[in-house]
Every structure is written in structure tokens, then in C-alpha cells.
Protein chains: 2
Amino acid sequence: MPKIYIIPKSEFDRVRDSQAAPRQKLSLIADMCRVNTLAGIKLAGSGHIGSSFSSLDIVTYLYYAEMNVTRLGLHHPARDIYFSSKGHDVPGLYSVLFSLGILPEEKFLKLRRLGGLPGHPDVQTPGIEANTGSLGMGISKAKGMAFAQRMPESRQGRSSTQEPSPDPGRIFVMTGDGELQEGQNYEALQTAVHQKLNNITVIVDHNKIQSDRLVEQTSDLGDIAGKFAGFGWHVRAADGHDFKQLEKVFSEFRRLRDKPKILIANTLKGRGVSFMENPEALTAGRGFYKWHSGAPDDEAFLAAHEELTQSLNQRLRQNRLAPLNVKIAGEANVIPAATHVDHVGKAFGRALTEIAGGRNDIVVLDSDLLLDCHLQDFALKYPGRFIENGIAEQDMVSMAGGLALEGFLPVVNSFSAFLTSRANEQIYTNACEKTKIIYAAHYAGLLPAGPGASHQSLRDISLLGAIPNCVIAEPANEEETRRLLKYFVDGEKQTYLLRLQIGPSPAKIDVPDHKLHVGQGTALAKGQDALLFAYGPVMLHEALQAHERLKEKSISLEVVDFPWLNRVDANWLGEIVRPHSFIYVLDNHSSFGGLGDAILNALSENRLTEGRRFKKFGVEGFPACGSAGEVLKYHKLDAASLAEAIFRH
Amino acid sequence: MPKIYIIPKSEFDRVRDSQAAPRQKLSLIADMCRVNTLAGIKLAGSGHIGSSFSSLDIVTYLYYAEMNVTRLGLHHPARDIYFSSKGHDVPGLYSVLFSLGILPEEKFLKLRRLGGLPGHPDVQTPGIEANTGSLGMGISKAKGMAFAQRMPESRQGRSSTQEPSPDPGRIFVMTGDGELQEGQNYEALQTAVHQKLNNITVIVDHNKIQSDRLVEQTSDLGDIAGKFAGFGWHVRAADGHDFKQLEKVFSEFRRLRDKPKILIANTLKGRGVSFMENPEALTAGRGFYKWHSGAPDDEAFLAAHEELTQSLNQRLRQNRLAPLNVKIAGEANVIPAATHVDHVGKAFGRALTEIAGGRNDIVVLDSDLLLDCHLQDFALKYPGRFIENGIAEQDMVSMAGGLALEGFLPVVNSFSAFLTSRANEQIYTNACEKTKIIYAAHYAGLLPAGPGASHQSLRDISLLGAIPNCVIAEPANEEETRRLLKYFVDGEKQTYLLRLQIGPSPAKIDVPDHKLHVGQGTALAKGQDALLFAYGPVMLHEALQAHERLKEKSISLEVVDFPWLNRVDANWLGEIVRPHSFIYVLDNHSSFGGLGDAILNALSENRLTEGRRFKKFGVEGFPACGSAGEVLKYHKLDAASLAEAIFRH
């Protein structure tokens, strides 16, 4: 297990205060931030290296050479504001904030941990100006900030008798290039011009690669500069790693006050580490880019660290400065060996490809999550029926609606948080047409909790629950995944949502072989004292462990796998609750609108509440960010907390 | 009350089969359709004249001169497909479908009535190819249809042994110009080119006026042609009322197969009736366009009918054809006199303007519904704090997020169906920032039911219910509106959703003067036999009438106004349910995720279910379209049905 070293803040001070030339300093500081970004991600066991590295020279330039915020402070109303709309490049920003002393070291070393730094930006973190992580919202947020800068005297808590504010600050917002596939950007581009919000500067981190592949393969943006100019913005292009060019563009931007401004910054994803840069990285990955998310393995980490620090020491020497003084930060977070005992996502990919063999009408749609949604086999086998739609969920869902109207069966894939929320109205409109569409909602539920609230999907059942004729289900294991998908494919014309845990299951959940019956579950552990409904591999794992813990206290807890999240068979329910006076439901979802509410309603409608006590366990408040264990415990949804709560109820 | 005449189908046949020149025929048929559109809307008591008239020449041209669908039939897989993305111009399309014999007369005469024609397109209606009404989805849907046309052999129910299909059909989709403010359009423009879906033709009905005002005032589109060309589409412009120009463009489009195509059709909103056309109409309305929605009054109706038929008869005579033979269709639907006994929307507008006087930090955002959301007083009094954002809900909500981060209190307005669904993820992201934002969700609930499922908002409570720290409430009358808004403005930092009935209340709901307490309601009618919770002017009106009906059956129903839709005070609840064994909740919402679920959960959590029977009334299935009385009855939410259900429970 490799030791991990970071460059302490004092080293940044040393370089900044040195006699090196200004651009030399910026270049050194940016690469020192790369070293620390790499360390943070390795410590966390996951994070986005590629985008952090492509944007880091620009972020360094802004904080060290362009913005007034280091002078005015983070709370001054006329400060310049920077934030990233894509958000997943935040490890790079954290390292800059750390170098400036805005983030303390102990926090910086806790990326993606409870009480540390979330995987996507959150304003609770010092120096973070906006929550992002779901794509395409940044320019709109910048508009609100720019509008606010117009009238500093109107803010809450300020009176007009205060001294007049200095010149309004400028808003700098970074976007990805793949991110420009989201339609909201174009709403914002247009309204910003109409509303004359000219103190916005958008910087496109044009690194040409999105999560899986090249932007031009995924959904080509065409002439980006021409598009933006067409929307009435000032457009400039520059090498996003060349500080001289950045200086020139930003100094020009300072003088341009009649329109909002866009810099298309040509960058390299993974910049700074040769094997993470394009084209080497894409060649090695056969067209797929490996370093978008996740942590490098030990070997790659050490090689990257070595390459960066060697280059830094060489340049320090050239500038007559002493070599880097690094300090040990800790040992690499052990990334759990992917044993793949059971993996519902992979099972989905396999089952989809298999079932599609007998069903010509199945068409699969993806929004730049080909690998994460396990669609590569389908795409290879049925390229004519695979639609890569890029990061444009609304368009993808409405397109699926058109396909369904014309006799096809679309299977629509994305992460659940984005699919069910960003495209909510489109899903509803499709449902109104009474066609049949299957939505595969990957990354459903609380875990993994590292990416933070933008990615954790705890509202999806409630977001689709009020759509008539919409069946929502979540499988506990690979076999149930296959059965549910088959059931949906064969089912009647309506809306289906298949919720899927992402990543390997904590353990294989053994569900006794059974035919699926809508609204019926399967007892996984018998018990006489209380009954607990749960679903999905994560929560059933906790439930079964709670069963074991309660056994030690001589309480016998029956655990039922209940894959149907909004359908309950009244007769079956009557039977299974008959011997029980204590009924519990464990949701991998907000406690609002999940299975708990479905079971409670079914109990009430069927007059089964009499003489029974009911309690639901679900996520209360905003989901915490951290490791799986930390976060389950934080929300009191781990086996120990569940056992305790049931014991005390 | 004026008699209403329509032109029967036989007259269309007569003109079509006559010796008049082809373009003369098209012009006659289009104006005859205008006569019938006007009649349909007058019969309905509401509808969209302006857009129907601006698009009617194009729609007539497509069906009578361009598309193969009249020859191949509505179910042929290779037919040309037309639909309108904006959807509210559907009365015009209905009149064309009626003229072709696709819609029978008895259905055509039942616009916005139960079992008739919905106010926005629905595929259950013969000839309608897609559900639309919420804006910006059309081009994406067209993409799905165009993709389907590529592989006719793969559709469900077809085998590869069938005869090969003819040339694939073309997809024609009409959009508004204001509609182009929606970002989804740009997702679709880009992906259509990337996916080479070249058999799509978009027609922009460029009538320059959106719901309230000129597009260029609301949110200027700039160089439309340049933008579309920038996205890689073939762009042509034409006079959308000149059949010769239409002929030329569409015949050119038939030859262009390497890109998708856009026609920017320059049209006049209200075309065909002088006083409904720009500039006369805008001058008369002092910049506001009066004929976007709603029915003309008797005088305007008669004048419009007269102008259209005189012009038609003159042109028929010039073509040596007999004058029009019209037939009586019925009497104008009586539009209820707007007595304005009580009007929560107007009260909201007044209270907002008043409260903003003492709060410099209040900023109001609108998405082209200034008049419907009663924001004109605020906009006049505080122009610097009023942001007209056009039809771009996502951008509006994220912009509000930026304003809130910078110390302002945004009040964000739109129709509830659009605000809570289209911008759902943006609302959630804002909430994660733990700022304070008030969302004013106008047009909440089942009524008015004429516009149909795209506009009726029956999911909004469930759509925001799982957002932590989000308080949702709906006032029963003007005074409660003012109190709730004030309470929200003064309240702590969290998310607030104010649900508002649109239009005048059926009657003033008298709520005894009371201070607001979160989670507590007010008894409006006392009773000992059963307890009914309800909220909002419409449902409380039905509830109070049910109280009267049950009194006749010697059942004494207590009716409680409960404005809090996701907060229940446990102590208060315990007190009020104490004497009751029968507890009912009446939701103006889907029965999923509404107040019913909140009350049931509170009963369960506080062990109040024992010895009590509970039932919730809400909207099941998709909301019906029709008059208020028809639809309440259809969903069994009218007083008579409620009284009956409670009597029998």
C-alpha cells in the first residue's frame, strides 16, 4: 500500500513569494495543485482526475492572477466569483483553495468522507460558491449572481445608508464541453444577453472527452464558437494551459462590457501526466477514457506522482529554488476488491442484450453513461438499435416517446437522479400517450455516497409515483434483475421504472427461486416478532444483518425482499402481516414517497393497521457524503442502528 | 347569446372538388377552418385563437398539398407525420382534421368537454400524433419518429418476411417562436444532426407574440436563422400565409436529404381577423396581446365571424362558386360571469407587491405568465426587481438560486405543472444550498380542466415532497394567501412552495380569523360523525357542500381547512381527531403523495390509527379534460360523490 504525500501550504507560499517569473510561478503552483489533487483522490479512493487536471491551469490563473476575491475576502459582496458548472472537477479547485489557506489541511485530506469534502461542490465548504454536479445549471446560476451584483444595496441585511459598494464583481463560471449538450445552457445563453448580464464570463474547459469517449463521437458540438456568437456572446479561444494566452484573453475581457463573454479554452484531459493525456490515454483505452472518474491503482498513482514531482523539481531548479518539500498525508484508502459476487447493473446489461435477441422492437437510449450503465454489449451487438444521445436527458426521454408512438420499445438509461428529475415532465408526457417505455434508473439510492447530493438518488420513487400506470421496482440480485426486466418487456403498455443499485453488491442476496407476482415479496429470513420489508442489495444486506443482531437479543425479525415499490397485493399483504404486530419498512430512498408509504397505505386501505405498530426507516434530510459505512450509520440505516431502533420500538 | 354556425364537411368537399385554382382552394379552405376554429373556441368558452390562426395556412398546406397521410392513412408506418410542439394551436388542427373527415362533427363540437377534444393534443384523438402542450418537447419527439422511420421492419408486430416498406415518411413538427426559449429545443437541434435524422422538418410559426407580449420584449431570440444554421440545419424563411412561397420551400426541402430542415414561417398572430392581428391587436392592448387564450366575447365573436365569412363569400364569388352554406352548431357556452367574490391569484399579486415594499431583497421571476400570475403590479412598481425570463423555467429557477446565494429572496412564478416538473432538479439543487426561495405554483390542481393533462398540476406536492426542508401550502381564500406569503417571506431559510388555484374561486371560503400555525388547520363546519381535511378554494367548496348534503342524511361532517400540505402538528391532530372514528382527506392532487399521505403518516406515527377508519380522496389515473362540473364528477370529487362515498364508508 503506497504512502501518499502532499505538498503543504507553506510550499505554495514559498513559490508565490519567490523571485521566479509570474508565469513560471503560476505553472509551478498549478502542477503542485495537481500533485495534491492526485493525492486527495487516491486517499478518497475515487474522484475525477481528468477534468481536474484539464481545468487546473485556468483555475490557478483565476485565483492567483485575475480575481479580487483573495483580496476582498469570500464574503465581500463585490468579490469576483468563480465556480464550476460541471462540478466534478472540484478536487482541482479544492487543491487551489488549500494552497490559498481557504481550506485547512485536515479537511483537504478528507475528500469524499463524512465531515470532509464532498465529491461535488457544496456551499457548506469554505470557498465554494455554488452547488453543482448535475450538469448545465451553472450559467443560469451565474446569471442570478450577476443580477445580484447590479444592486448591492438591496441585499438582505444591508441598508442604503451603508457606504456605496465598489465596482461590481465579475462572475466566472467553468463548464465542460460535453456539458454543453444540456439544453439549459442555451436558455441561459439567450436570457443572459436579453437581460444584459454582461459581467459573466463562461470558460469552456474544452478537453474534447466526456465520461466515456470523445465528445465528437458522443454528440458532436459542431462549431462551438459559431453557436455562442449566434447567441450574442463575445467569444474567444485560447490554449487553456498557456498562461500568456490566458492573460491576454482575460485582460481583453476586462475591457469588453457590452456583452457576456465566453472563453473556449482548448485543454487536454488529464493534463500533466503523460499517460492520462489524450491521445495516449484514448489509444490505451481503445477509444474509451479511463481517467474520468475513480482512483488510479497504486502503480498508476505512483507513476503519476513521480512524473509530476520530477517535472516540478526540475523547474524549481531552473528557477533556482529548492526542491519540493512534501509531507506524508496518509495511506491510500483501500479500494474494496471488486469480488463481483453479485452485480445488478452487470446483470441488467446481460439480460438486456439477451432479451433484445428475441425482440426487434427494443431500442436502447443512453446519455453518456455507456460504461456505467453496462450497455456496451448491447451497443456492440445491436448498433442499429443503440442511440447514444449525449448529456441531454430531456431530449433522450422525449425521443423515446416518439419511438414508442411508432411501435418501438425504448429502454432509456441514465443515473436515476438525473433521469427521473431532469426529464420528469418528459416522462410524464410520454406516460400520457399510454405507450410503453422502460426507464432504467442506474445509481439509485444512497450509495455510493462519495459523489454527494447531486448524484445520490433518494427522490425517484416519489418523482414518478404520481404518474398513473407507472410500475416501479428494484431487484435484490442478478436473477431478480433479469426477471424484472423480462417482466417489464413482456408487460402491458405502461411506464416502467427499474431502479438499479450501482456497483457490486455488498453480498449476494439469496432470494428463494420464485415466479414474480406483482405486489408480492419473498421472505428471506423468517421471524415471529416483527416484520421488515426491504429491497435492493444494499438495504437487504443491512436488514439481514439486523436480523442476526436481533437474534442475539432473542428477537426474531422476519425480513422480506419486496421488489415492488408502488404495488402491493392486498391478499398477500394480509397473509404475511397476519402473525405480526410490528411492521417495518426500510427504504433506500427519502422516507417521503417510498415503499414505506406504499405499505402504510395498503395496510390502511385493507384495515390492517388495527392492533399493529408501523414504522418506516428512510433517509431524512439531505443525504450525507462519505464512505458507505459512515453514511449508512449517519442516517441510522445500518444494521446496528436498525436493530437498535426495532429493539426499542 | 349568439347562435354559433359552423361550416359542414360537405362544404370543404365542394371547394376541394371545385374548379378553383389550387392555391385559391387552399386559401379558401384555411379560412373556412378559421371560421370553424372560432366557432369551436366560442362553444368551448376558451381556447387559443391567435396561434391557431397564425399556423392555419401552413397546417392546411401540409394536409391538403404536401403530406402523404391522407392517401396512406393514419396508421401506415410510412405516412408523413405532422404535429405541433406548442400544442395550444390544436383548435386549428382540429378544424383541418374535421374538414378531412378524420374528426366527426359531434366530436369537433365538443372542444374542452368530457369525451370531446382536449385543449391540448392527445393521441387518443383521431389524427393526433403526439401529446404536447408543455413546450419544447416536439423536436425531440420528432427525432424518435424519424429514427423509427429508418427501420420499419423492427416495429412490434411486424416480421421481416412482410413486404418491404415504401420510402420512409417525413416528420413535420411545428414550434412556436416563444417556445424556442426552452432549452430542450437546442438539445434536439444538436442531436438530430449528430444522429443524421434528416427526414425532420421543423416549422417555426414565427408570429412574434408569445402569451403576453412581443417575443423580443419577453426574451429576444436574436438571429433565429443564424442560430439554427449554427446547429447545422438547413434554414429557409417564407411568408407563412403565402401558399406560393410554401410550395417553393417544401418542394426544395423534398430534395434536401443531407440535413434536417427548418422553415422560419413569418406569420401574423390572429391572422384572418383584422382586430386580432398585429399591430392592431397590440396597439389596442397597449402592448399586451388579448387573443392568445380564452374565448372572445359575443361582440368580438360576431365581428370575427362576420369578417371571415364575408371575405370567404367574396372570394367564392370571384371563383364562381356559391356562397357558404353554414349550419347551426349550438349556442355559445356561457362563460361564468367573473364575479371575483374571491381570487387567490389576485390576492397573491397584491400581497406580493405590498410585502415587497418593506423588503428590498425580494426579487420576482416570471416565465412569460405575467398576466396569469398577476405580477403586473409588482413589475410596474419595482421594475428593477422584476425579471422576465421567458419560457425557460430551468434557467429561471437556477438563476433564482444564484440570487438567493447572493442574499436576495427570489419569488419564482410559473404554472405549477411546469415549474415543479420541468425545473425539478434545479429546485432540488437550490434546496441543497440551504438558501431561501419561494416558488409560487399557479394553476395548481385539477381545475380548470379544459387545457388537459399537460397543464393540470396533480403531481406537484409529490414532486417536491422529498426535498428536505421544503414547506408546501395552499391557501383557501385571499386572506389566507396573504398570510401564507407573509409567513413564507418571514420564515427561516428553506424552500417554500405556495400552491395557488388559478381564476376566481367558486365561492368565498370563510375561514374564521386565525393566526397561522404550521401544521394546524381550522374547522369550517363542525360535525361529530366524521372528519374531512381539505384545502384550497375548489375542494373546500365541494367539501362544504358535501357537509350540507350529509346533513340531510343526518350525518354530521366536520370540515377542516388544512393549508399545510406536508406538515402536521401532532398535538393538534390528536385533539381534532379525538372525537372521530372516520377520518377523510380530500386532495386536489393525485392520491399519491398529497395531503392524504401526510395525514395518514401523522396518524400512524402518533398511534392515532387505532379504532379509526381512514380514507383519502384524490385524483386517480390521468386527469380528465372537460368543464369543472364534468371533471369533478368524473373523478368522484364533487360534493355529491364525496357525500355518497362518506355515507357508504
# chains A, B, ... in the order shown; residues from 1 in each chain; ligands from 1
>>> closest_atom_pairs(of="segment 422-512 of chain B", to="segment 182-188 of chain A", cutoff="12 Å", atoms="only C-alpha atoms", output="JSON lines")
{"residue": "B:Arg422", "atom": "CA", "partner": "A:Gln184", "partner_atom": "CA", "distance": 10.8}
{"residue": "B:Ala423", "atom": "CA", "partner": "A:Gln184", "partner_atom": "CA", "distance": 10.0}
{"residue": "B:Glu425", "atom": "CA", "partner": "A:Gln184", "partner_atom": "CA", "distance": 11.6}
{"residue": "B:Gln426", "atom": "CA", "partner": "A:Gln184", "partner_atom": "CA", "distance": 10.2}
>>> residues_around(residues="segment 517-530 of chain A", least_positions_apart="2", cutoff="6 Å", atoms="only C-alpha atoms", output="PyMOL selection string")
chain A and resi 556-562+564+567-569+580+582
>>> write_last_selection(atoms="all heavy atoms", output="short mmCIF file (atom, residue, chain, number, x, y, z; two decimals), in the first residue's frame")
data_model
loop_
_atom_site.label_atom_id
_atom_site.label_comp_id
_atom_site.auth_asym_id
_atom_site.auth_seq_id
_atom_site.Cartn_x
_atom_site.Cartn_y
_atom_site.Cartn_z
N SER A 556 -36.92 -12.18 16.98
CA SER A 556 -36.91 -12.89 15.71
C SER A 556 -37.59 -12.02 14.65
O SER A 556 -38.79 -11.79 14.68
CB SER A 556 -37.62 -14.23 15.94
OG SER A 556 -38.29 -14.64 14.81
N LEU A 557 -36.75 -11.47 13.76
CA LEU A 557 -37.21 -10.50 12.77
C LEU A 557 -37.38 -11.17 11.41
O LEU A 557 -36.44 -11.74 10.86
CB LEU A 557 -36.18 -9.37 12.64
CG LEU A 557 -36.43 -8.31 11.56
CD1 LEU A 557 -37.60 -7.42 11.93
CD2 LEU A 557 -35.17 -7.47 11.32
N GLU A 558 -38.57 -11.10 10.88
CA GLU A 558 -38.80 -11.63 9.53
C GLU A 558 -38.38 -10.56 8.53
O GLU A 558 -38.76 -9.39 8.65
CB GLU A 558 -40.27 -11.98 9.34
CG GLU A 558 -40.56 -12.57 7.97
CD GLU A 558 -41.86 -13.37 7.93
OE1 GLU A 558 -42.50 -13.54 8.99
OE2 GLU A 558 -42.23 -13.83 6.83
N VAL A 559 -37.58 -10.94 7.54
CA VAL A 559 -37.11 -9.99 6.53
C VAL A 559 -37.67 -10.39 5.17
O VAL A 559 -37.51 -11.53 4.73
CB VAL A 559 -35.57 -9.94 6.46
CG1 VAL A 559 -35.11 -9.04 5.32
CG2 VAL A 559 -34.99 -9.45 7.78
N VAL A 560 -38.36 -9.46 4.54
CA VAL A 560 -38.98 -9.75 3.25
C VAL A 560 -38.34 -8.90 2.15
O VAL A 560 -38.21 -7.69 2.30
CB VAL A 560 -40.50 -9.45 3.31
CG1 VAL A 560 -41.12 -9.47 1.92
CG2 VAL A 560 -41.19 -10.45 4.21
N ASP A 561 -37.93 -9.56 1.10
CA ASP A 561 -37.50 -8.85 -0.11
C ASP A 561 -38.75 -8.44 -0.86
O ASP A 561 -39.52 -9.28 -1.32
CB ASP A 561 -36.65 -9.78 -0.98
CG ASP A 561 -36.44 -9.22 -2.39
OD1 ASP A 561 -36.41 -7.98 -2.54
OD2 ASP A 561 -36.32 -10.03 -3.34
N PHE A 562 -38.95 -7.12 -0.99
CA PHE A 562 -40.16 -6.63 -1.65
C PHE A 562 -39.76 -5.72 -2.80
O PHE A 562 -39.54 -4.51 -2.62
CB PHE A 562 -41.04 -5.88 -0.63
CG PHE A 562 -42.45 -5.71 -1.10
CD1 PHE A 562 -43.37 -6.72 -0.93
CD2 PHE A 562 -42.85 -4.54 -1.75
CE1 PHE A 562 -44.68 -6.58 -1.38
CE2 PHE A 562 -44.14 -4.39 -2.21
CZ PHE A 562 -45.06 -5.41 -2.02
N TRP A 564 -41.29 -4.58 -5.39
CA TRP A 564 -42.29 -3.67 -5.98
C TRP A 564 -42.39 -2.43 -5.11
O TRP A 564 -42.75 -2.51 -3.95
CB TRP A 564 -43.65 -4.36 -6.05
CG TRP A 564 -43.53 -5.68 -6.72
CD1 TRP A 564 -43.44 -6.90 -6.10
CD2 TRP A 564 -43.44 -5.92 -8.12
NE1 TRP A 564 -43.30 -7.88 -7.04
CE2 TRP A 564 -43.30 -7.32 -8.28
CE3 TRP A 564 -43.46 -5.11 -9.25
CZ2 TRP A 564 -43.18 -7.91 -9.54
CZ3 TRP A 564 -43.34 -5.69 -10.50
CH2 TRP A 564 -43.20 -7.07 -10.64
N ARG A 567 -46.54 -1.06 -5.73
CA ARG A 567 -47.63 -2.00 -5.94
C ARG A 567 -47.64 -2.99 -4.78
O ARG A 567 -46.61 -3.59 -4.48
CB ARG A 567 -47.43 -2.81 -7.25
CG ARG A 567 -47.54 -2.00 -8.54
CD ARG A 567 -48.98 -1.57 -8.81
NE ARG A 567 -49.11 -0.86 -10.08
CZ ARG A 567 -48.94 0.45 -10.26
NH1 ARG A 567 -48.60 1.21 -9.22
NH2 ARG A 567 -49.12 1.00 -11.44
N VAL A 568 -48.79 -3.14 -4.14
CA VAL A 568 -48.90 -4.08 -3.02
C VAL A 568 -50.13 -4.95 -3.25
O VAL A 568 -51.23 -4.44 -3.45
CB VAL A 568 -49.03 -3.34 -1.66
CG1 VAL A 568 -49.03 -4.34 -0.51
CG2 VAL A 568 -47.89 -2.33 -1.47
N ASP A 569 -49.93 -6.25 -3.22
CA ASP A 569 -51.03 -7.21 -3.36
C ASP A 569 -51.70 -7.35 -2.00
O ASP A 569 -51.11 -7.83 -1.03
CB ASP A 569 -50.45 -8.55 -3.84
CG ASP A 569 -51.50 -9.62 -3.99
OD1 ASP A 569 -52.44 -9.68 -3.16
OD2 ASP A 569 -51.40 -10.42 -4.94
N HIS A 580 -48.07 -10.79 12.67
CA HIS A 580 -47.17 -9.74 13.17
C HIS A 580 -47.90 -8.52 13.74
O HIS A 580 -48.89 -8.08 13.17
CB HIS A 580 -46.25 -9.25 12.04
CG HIS A 580 -45.23 -10.27 11.66
ND1 HIS A 580 -44.16 -10.58 12.45
CD2 HIS A 580 -45.13 -11.07 10.56
CE1 HIS A 580 -43.44 -11.52 11.86
NE2 HIS A 580 -44.00 -11.85 10.71
N PHE A 582 -45.73 -5.87 14.69
CA PHE A 582 -44.76 -4.80 14.43
C PHE A 582 -44.31 -4.88 12.96
O PHE A 582 -43.72 -5.88 12.57
CB PHE A 582 -43.55 -4.92 15.36
CG PHE A 582 -43.89 -4.66 16.79
CD1 PHE A 582 -44.35 -5.69 17.61
CD2 PHE A 582 -43.77 -3.38 17.31
CE1 PHE A 582 -44.69 -5.45 18.93
CE2 PHE A 582 -44.09 -3.13 18.64
CZ PHE A 582 -44.56 -4.16 19.45
#
>>> closest_residue(among="B:Gly621, B:Met32, B:Ile41, B:Gly47", to="Ala453 of chain B", atoms="only C-alpha atoms")
B:Gly621
>>> residues_around(residues="Ala30 of chain A", least_positions_apart="2", cutoff="12 Å", atoms="only C-alpha atoms", output="PyMOL selection string")
chain A and resi 7+12+15-16+23-28+32-37+52-64+92-93+95-97+99+241-243+271-272+308-309+312
>>> residues_around(residues="Gly390 of chain B", least_positions_apart="4", cutoff="8 Å", atoms="only C-alpha atoms", output="MDAnalysis selection string")
(chainID A and resid 191) or (chainID B and resid 178 181 218:219 366:368)
>>> atom_distance(atom1="atom CA of Tyr443 of chain B", atom2="atom CA of Ser421 of chain A")
20.9 Å
>>> residues_around(residues="Gly452 of chain B", least_positions_apart="6", cutoff="12 Å", atoms="only C-alpha atoms", output="ChimeraX atom specification")
/A:429,432 /B:47,87-88,90,111-122,131-134,417,445-446,458,622-628,631
>>> closest_residue(among="A:Tyr584, A:Tyr289, A:Phe418, A:Phe98", to="chain B", atoms="only C-alpha atoms")
A:Phe418
>>> residues_around(residues="Phe228 of chain A", least_positions_apart="6", cutoff="8 Å", atoms="only C-alpha atoms", output="PyMOL selection string")
chain A and resi 189+234-235+262
